[in-house]
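Colleague: Dropping in run-v8.txt, with compact mmCIF, C-alpha atoms and all ligand atoms.
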```
# COMPACT_ATOMS: atom_id res chain seq x y z
CA MET A 83 98.95 72.24 -11.81
CA LEU A 84 101.57 74.98 -11.65
CA GLU A 85 104.49 74.08 -9.42
CA ILE A 86 106.97 76.61 -8.04
CA SER A 87 110.35 75.46 -6.78
CA VAL A 88 111.63 77.65 -3.99
CA TYR A 89 113.98 77.58 -1.01
CA PRO A 90 112.52 76.35 2.29
CA PRO A 91 111.18 78.97 4.71
CA ALA A 92 113.84 80.93 6.60
CA PHE A 93 113.91 83.63 9.26
CA SER A 94 110.11 83.53 9.53
CA GLU A 95 109.71 84.35 5.85
CA THR A 96 107.73 82.05 3.51
CA SER A 97 110.93 81.16 1.67
CA GLY A 98 114.65 81.84 2.11
CA SER A 99 115.08 84.18 -0.86
CA PRO A 100 113.25 87.43 -1.65
CA PHE A 101 112.98 86.26 -5.27
CA THR A 102 111.29 83.01 -4.32
CA VAL A 103 108.92 84.85 -1.97
CA LYS A 104 108.13 87.24 -4.84
CA ALA A 105 107.36 84.32 -7.17
CA ILE A 106 105.02 82.78 -4.60
CA CYS A 107 103.24 86.15 -4.26
CA LEU A 108 102.91 86.43 -8.05
CA LEU A 109 101.31 82.99 -8.15
CA GLU A 110 99.09 83.79 -5.22
CA GLN A 111 97.83 86.87 -7.09
CA SER A 112 97.38 85.00 -10.38
CA GLY A 113 94.35 83.15 -9.04
CA GLN A 114 95.73 79.92 -10.56
CA PRO A 115 96.04 76.84 -8.36
CA TYR A 116 99.68 76.05 -7.63
CA LYS A 117 101.83 73.97 -5.36
CA VAL A 118 105.12 74.82 -3.73
CA LYS A 119 108.12 72.52 -3.94
CA TYR A 120 110.91 73.22 -1.44
CA LEU A 121 114.33 72.72 -2.89
CA PRO A 122 117.37 73.58 -0.77
CA ASP A 123 119.81 73.00 -3.65
CA PRO A 124 119.44 75.08 -6.85
CA ARG A 125 122.23 73.42 -8.84
CA LYS A 126 119.89 71.48 -11.13
CA ALA A 127 117.77 74.56 -11.91
CA PRO A 128 118.17 75.81 -15.52
CA LYS A 129 120.08 78.89 -14.38
CA GLY A 130 121.40 77.39 -11.15
CA LYS A 131 119.07 79.74 -9.25
CA LEU A 132 115.59 79.68 -7.78
CA PRO A 133 112.68 80.31 -8.27
CA VAL A 134 111.69 78.01 -11.14
CA LEU A 135 108.12 77.52 -12.31
CA LYS A 136 106.88 74.29 -13.90
CA ASP A 137 103.71 74.31 -15.96
CA GLY A 138 103.18 70.85 -17.45
CA SER A 139 106.23 70.27 -19.62
CA LYS A 140 107.27 73.95 -19.56
CA ILE A 141 110.02 75.09 -17.21
CA ILE A 142 110.31 78.83 -16.55
CA PRO A 143 113.28 80.07 -14.53
CA ASP A 144 113.71 83.58 -13.05
CA SER A 145 111.01 85.58 -11.24
CA ASP A 146 110.95 88.21 -14.00
CA GLN A 147 110.30 85.57 -16.66
CA ILE A 148 107.77 83.88 -14.38
CA ARG A 149 105.89 87.18 -14.21
CA ASP A 150 105.95 87.49 -18.03
CA TYR A 151 104.80 83.90 -18.39
CA LEU A 152 101.87 84.29 -16.00
CA GLU A 153 100.85 87.54 -17.68
CA GLN A 154 101.07 86.12 -21.19
CA THR A 155 99.63 82.66 -20.48
CA TYR A 156 96.98 83.33 -17.87
CA GLY A 157 96.04 86.91 -18.71
CA VAL A 158 97.18 88.35 -15.39
CA ASP A 159 98.20 92.02 -15.34
CA TYR A 160 100.22 92.76 -12.24
CA ASP A 161 100.16 96.45 -13.08
CA ALA A 162 96.44 96.68 -13.84
CA GLY A 163 95.15 100.22 -13.55
CA LEU A 164 98.58 101.85 -13.96
CA SER A 165 99.29 104.41 -16.69
CA ALA A 166 102.12 103.87 -19.19
CA GLU A 167 104.21 106.33 -17.15
CA GLN A 168 103.55 104.46 -13.90
CA ARG A 169 104.36 101.16 -15.58
CA GLY A 170 107.72 102.67 -16.56
CA GLN A 171 108.30 103.86 -13.00
CA SER A 172 107.33 100.42 -11.71
CA ARG A 173 109.91 98.80 -13.97
CA SER A 174 112.62 101.18 -12.68
CA ILE A 175 111.73 100.47 -9.04
CA ILE A 176 111.92 96.72 -9.66
CA ARG A 177 115.34 97.06 -11.30
CA MET A 178 116.64 99.21 -8.42
CA ILE A 179 115.38 96.74 -5.82
CA GLU A 180 116.43 93.54 -7.58
CA GLU A 181 119.59 94.59 -9.37
CA HIS A 182 121.04 96.94 -6.76
CA LEU A 183 119.58 96.80 -3.26
CA TYR A 184 119.50 93.00 -3.42
CA PHE A 185 123.29 92.87 -3.67
CA VAL A 186 123.73 94.96 -0.51
CA ILE A 187 121.48 92.46 1.28
CA LEU A 188 123.40 89.55 -0.20
CA ALA A 189 126.68 91.05 1.01
CA SER A 190 125.22 91.70 4.44
CA ARG A 191 124.08 88.09 4.76
CA TRP A 192 126.96 86.21 3.17
CA GLN A 193 130.02 88.44 3.25
CA LYS A 194 129.71 90.23 6.59
CA GLU A 195 131.62 88.15 9.13
CA ALA A 196 129.31 89.02 12.05
CA HIS A 197 126.25 87.74 10.15
CA TRP A 198 127.65 84.62 8.59
CA SER A 199 127.20 82.12 11.42
CA THR A 200 123.52 83.12 11.87
CA LEU A 201 122.89 82.69 8.15
CA SER A 202 124.81 79.46 7.97
CA LYS A 203 122.87 77.91 10.89
CA GLU A 204 119.53 78.87 9.36
CA PHE A 205 120.32 77.73 5.82
CA PHE A 206 122.53 74.72 6.46
CA GLY A 207 121.87 73.74 10.08
CA LYS A 208 119.96 70.60 9.14
CA MET A 209 122.65 69.28 6.83
CA PRO A 210 124.53 66.14 7.92
CA VAL A 211 127.55 67.19 10.01
CA LEU A 212 130.11 65.98 7.48
CA PHE A 213 128.62 68.14 4.70
CA ARG A 214 128.05 71.05 7.08
CA LYS A 215 131.78 71.36 7.56
CA ILE A 216 132.43 71.80 3.83
CA VAL A 217 129.37 72.84 1.80
CA PRO A 218 128.36 76.15 3.49
CA ASN A 219 131.88 77.57 3.14
CA MET A 220 132.07 76.45 -0.49
CA ILE A 221 128.78 78.19 -1.27
CA ARG A 222 129.84 81.25 0.70
CA LYS A 223 133.02 81.51 -1.38
CA SER A 224 131.05 81.33 -4.60
CA VAL A 225 128.54 83.97 -3.41
CA ILE A 226 131.40 86.30 -2.44
CA LYS A 227 133.01 85.68 -5.83
CA SER A 228 129.75 86.66 -7.53
CA LEU A 229 129.55 89.79 -5.33
CA MET A 230 133.05 90.72 -6.47
CA GLY A 231 132.06 90.12 -10.10
CA GLN A 232 128.91 92.19 -9.80
CA GLY A 233 130.89 94.87 -7.95
CA MET A 234 128.94 95.38 -4.70
CA GLY A 235 131.36 93.15 -2.80
CA ARG A 236 134.18 95.56 -3.60
CA HIS A 237 132.54 98.38 -1.66
CA SER A 238 133.15 98.76 2.07
CA GLU A 239 130.24 98.15 4.42
CA VAL A 240 129.94 101.91 4.95
CA GLU A 241 129.71 102.49 1.20
CA GLN A 242 127.19 99.68 0.77
CA LEU A 243 125.07 101.15 3.54
CA ALA A 244 125.14 104.60 1.92
CA ARG A 245 123.97 103.07 -1.37
CA ALA A 246 121.17 101.11 0.33
CA LYS A 247 120.08 104.24 2.19
CA LYS A 248 119.46 106.07 -1.09
CA ASP A 249 117.35 103.21 -2.48
CA ILE A 250 115.32 102.89 0.70
CA ALA A 251 114.79 106.63 0.94
CA ALA A 252 113.59 106.56 -2.69
CA ILE A 253 111.05 103.85 -1.84
CA GLU A 254 109.90 105.82 1.20
CA ALA A 255 109.44 108.94 -0.96
CA ILE A 256 107.51 107.06 -3.65
CA LEU A 257 105.29 105.41 -1.04
CA GLY A 258 104.48 108.67 0.74
CA ASP A 259 101.16 108.19 2.54
CA GLN A 260 99.86 105.58 0.13
CA LYS A 261 99.07 101.99 1.10
CA PHE A 262 101.16 100.61 -1.73
CA LEU A 263 103.69 102.08 -4.16
CA PHE A 264 101.03 102.98 -6.73
CA GLY A 265 97.97 103.49 -4.58
CA ASN A 266 95.54 101.29 -2.70
CA LYS A 267 96.22 98.10 -4.60
CA PRO A 268 99.50 96.18 -4.61
CA THR A 269 101.16 95.97 -8.03
CA ALA A 270 104.30 94.35 -9.48
CA ALA A 271 106.66 96.82 -7.78
CA ASP A 272 105.22 95.86 -4.38
CA PHE A 273 105.65 92.14 -5.09
CA SER A 274 109.40 92.81 -5.53
CA THR A 275 109.87 95.47 -2.87
CA VAL A 276 108.07 93.97 0.13
CA PRO A 277 109.91 90.61 0.11
CA MET A 278 113.24 92.42 -0.43
CA LEU A 279 112.72 94.83 2.49
CA ARG A 280 111.46 91.96 4.63
CA ALA A 281 114.64 90.04 3.83
CA LEU A 282 116.38 92.89 5.64
CA THR A 283 114.13 93.12 8.67
CA SER A 284 113.55 89.38 9.17
CA PHE A 285 117.27 88.72 9.64
CA PRO A 286 117.50 88.18 13.41
CA LEU A 287 120.54 90.43 14.00
CA GLU A 288 119.74 94.11 14.00
CA SER A 289 122.17 96.17 11.92
CA PRO A 290 122.47 99.67 10.50
CA LEU A 291 121.08 98.15 7.30
CA SER A 292 117.92 96.69 8.87
CA LYS A 293 117.43 99.94 10.80
CA LEU A 294 117.13 101.79 7.48
CA VAL A 295 113.71 100.12 7.24
CA THR A 296 112.69 99.63 10.87
CA SER A 297 113.43 103.28 11.74
CA ARG A 298 111.00 104.49 9.05
CA PRO A 299 107.48 103.93 10.44
CA LYS A 300 105.76 104.23 7.05
CA LEU A 301 108.03 101.60 5.52
CA ALA A 302 107.73 99.34 8.54
CA SER A 303 103.92 99.36 8.28
CA TYR A 304 104.10 99.04 4.49
CA ILE A 305 105.97 95.73 4.69
CA GLU A 306 103.57 94.41 7.36
CA ARG A 307 100.62 95.42 5.18
CA GLY A 308 102.21 93.72 2.16
CA LYS A 309 102.67 90.50 4.07
CA LYS A 310 99.05 90.55 5.24
CA GLU A 311 97.61 91.40 1.84
CA PHE A 312 99.52 89.33 -0.63
CA TYR A 313 101.64 86.65 1.05
CA PRO A 314 100.00 83.19 1.11
CA LYS A 315 97.92 82.73 4.24
N1 LIG A 401 116.97 87.27 -11.40
C1 LIG A 401 116.65 86.11 -10.62
C2 LIG A 401 117.45 86.09 -9.32
C3 LIG A 401 117.23 84.82 -8.52
C4 LIG A 401 118.34 84.64 -7.51
O1 LIG A 401 119.32 85.41 -7.47
N2 LIG A 401 118.22 83.58 -6.72
C5 LIG A 401 119.26 83.30 -5.76
C6 LIG A 401 118.71 83.29 -4.33
S1 LIG A 401 118.40 84.90 -3.76
C7 LIG A 401 119.82 81.92 -6.00
O2 LIG A 401 119.09 80.97 -6.22
N3 LIG A 401 121.15 81.78 -5.94
C8 LIG A 401 121.81 80.52 -6.04
C9 LIG A 401 123.21 80.66 -6.52
O3 LIG A 401 123.57 81.75 -7.01
O4 LIG A 401 123.93 79.67 -6.41
C10 LIG A 401 115.14 86.07 -10.35
O5 LIG A 401 114.51 87.13 -10.41
O6 LIG A 401 114.60 84.99 -10.13
```
Taking this structure as input, can you express it in the form of structure tokens?
Modeller:
Amino acid sequence: MLEISVYPPAFSETSGSPFTVKAICLLEQSGQPYKVKYLPDPRKAPKGKLPVLKDGSKIIPDSDQIRDYLEQTYGVDYDAGLSAEQRGQSRSIIRMIEEHLYFVILASRWQKEAHWSTLSKEFFGKMPVLFRKIVPNMIRKSVIKSLMGQGMGRHSEVEQLARAKKDIAAIEAILGDQKFLFGNKPTAADFSTVPMLRALTSFPLESPLSKLVTSRPKLASYIERGKKEFYPK
């Protein structure tokens, strides 16, 4: 049976990372039986990140590659019914959400001083006390280093917010009055977008960043609808 390794649930989401939630949703939609393995530590994963899919002896890291694998191996088409043009638009939305907006969320969770203790308690609260004094700060340092490398961590919070606002406004414009980004049926772009926007709104401290979603009624109902329609029950 397919087995997906993901972070344990966090902040009332199915899993602690929007990428692992996405992978679970992709599996859910594939119609294939699968089981979920919770793994708090990604260091042994092939790319040191989660999600990772195991299919017999095959190990597939990265949610994008997991999507390709499920499409190629099990004949799923997450963009069924979309034109070539829409498939291109879908790809661009996914890249914007995963390779840009994600880093604003990462900075908001890990870099922003006012959010850190809430994140740390949720992710590391069950760790033995001795480790809890050292490990969370070590991981935080490495996340901030990666944010500096990627570049988002070099922007001020105000600049990050302005960048996120443009992405979220773009999603709102694409959604319009539709149920999902490309019509009545959820497609690949929704499986990336809904978990990412929910990563913003599920964080228990309200912020100008989370308000970018919660203050837009169409987006707020979109992410509720997504959860109802394609998250595991
Ligand atoms: N491109 C990857 C991104 C996965 C990713 O960034 N996972 C993060 C959690 S949000 C992770 O496991 N990070 C661990 C680390 O960097 O040490 C995918 O789509 O799966």
Colleague: A:Lys315, A:Lys203, A:Lys227, A:Lys293: which is nearest A:Phe93, counting all atoms listed in the file?
Modeller: A:Lys203
Colleague: Atom CA of A:Cys107 to atom CA of A:Pro314: how many Å, to one decimal?
Modeller: 6.9 Å
Colleague: For ligand LIG 401 (chain A), return the neighbouring residues as a list of chain:residue names (distance at most 7 Å; all atoms listed in the file).
Modeller: A:Ser99, A:Pro100, A:Phe101, A:Thr102, A:Pro124, A:Arg125, A:Gly130, A:Lys131, A:Leu132, A:Pro133, A:Pro143, A:Asp144, A:Ser145, A:Asp146, A:Val225
Colleague: Residues of stretch 156-239 of chain A that approach stretch 266-278 of chain A to 10 Å or less, counting only C-alpha atoms: could you list each one with the shortest pair of atoms and its distance in Å to one decimal, rows by chain and increasing residue number, as JSON lines?
Modeller:
```
{"residue": "A:Asp159", "atom": "CA", "partner": "A:Ala270", "partner_atom": "CA", "distance": 8.8}
{"residue": "A:Tyr160", "atom": "CA", "partner": "A:Ala270", "partner_atom": "CA", "distance": 5.2}
{"residue": "A:Asp161", "atom": "CA", "partner": "A:Thr269", "partner_atom": "CA", "distance": 5.2}
{"residue": "A:Ala162", "atom": "CA", "partner": "A:Thr269", "partner_atom": "CA", "distance": 7.5}
{"residue": "A:Gly163", "atom": "CA", "partner": "A:Thr269", "partner_atom": "CA", "distance": 9.2}
{"residue": "A:Leu164", "atom": "CA", "partner": "A:Thr269", "partner_atom": "CA", "distance": 8.7}
{"residue": "A:Arg169", "atom": "CA", "partner": "A:Ala270", "partner_atom": "CA", "distance": 9.1}
{"residue": "A:Gln171", "atom": "CA", "partner": "A:Ala271", "partner_atom": "CA", "distance": 8.9}
{"residue": "A:Ser172", "atom": "CA", "partner": "A:Ala271", "partner_atom": "CA", "distance": 5.4}
{"residue": "A:Arg173", "atom": "CA", "partner": "A:Ala271", "partner_atom": "CA", "distance": 7.3}
{"residue": "A:Ser174", "atom": "CA", "partner": "A:Ala271", "partner_atom": "CA", "distance": 8.9}
{"residue": "A:Ile175", "atom": "CA", "partner": "A:Ala271", "partner_atom": "CA", "distance": 6.4}
{"residue": "A:Ile176", "atom": "CA", "partner": "A:Ala271", "partner_atom": "CA", "distance": 5.6}
{"residue": "A:Arg177", "atom": "CA", "partner": "A:Ser274", "partner_atom": "CA", "distance": 9.3}
{"residue": "A:Met178", "atom": "CA", "partner": "A:Thr275", "partner_atom": "CA", "distance": 9.5}
{"residue": "A:Ile179", "atom": "CA", "partner": "A:Thr275", "partner_atom": "CA", "distance": 6.4}
{"residue": "A:Glu180", "atom": "CA", "partner": "A:Ser274", "partner_atom": "CA", "distance": 7.4}
{"residue": "A:Leu183", "atom": "CA", "partner": "A:Met278", "partner_atom": "CA", "distance": 8.2}
{"residue": "A:Tyr184", "atom": "CA", "partner": "A:Met278", "partner_atom": "CA", "distance": 7.0}
{"residue": "A:Ile187", "atom": "CA", "partner": "A:Met278", "partner_atom": "CA", "distance": 8.4}
```
Colleague: Go through A:Glu239, A:Glu306, A:Asp123, A:Gln111 and flag the residue nearest A:Met209, using all atoms listed in the file for the distances.
Modeller: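 Answer, going by the shortest atom-to-atom distance: A:Asp123.
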Colleague: Just to confirm, what's the straight-line distance from atom CA of A:Arg191 to atom CA of A:Ala252 in Å (one decimal)?
Modeller: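 The value is 22.5 Å.
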Colleague: In Å, rounded to a single decimal, give me how far atom CA of A:Pro286 is from atom CA of A:Lys215.
Modeller: 22.8 Å
Colleague: Counting all atoms listed in the file, which of A:Val217, A:Tyr304, A:Ala189, A:Ser112 gets nearest to A:Gly258?
Modeller: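 Closest to A:Gly258, using all atoms listed in the file: A:Tyr304.
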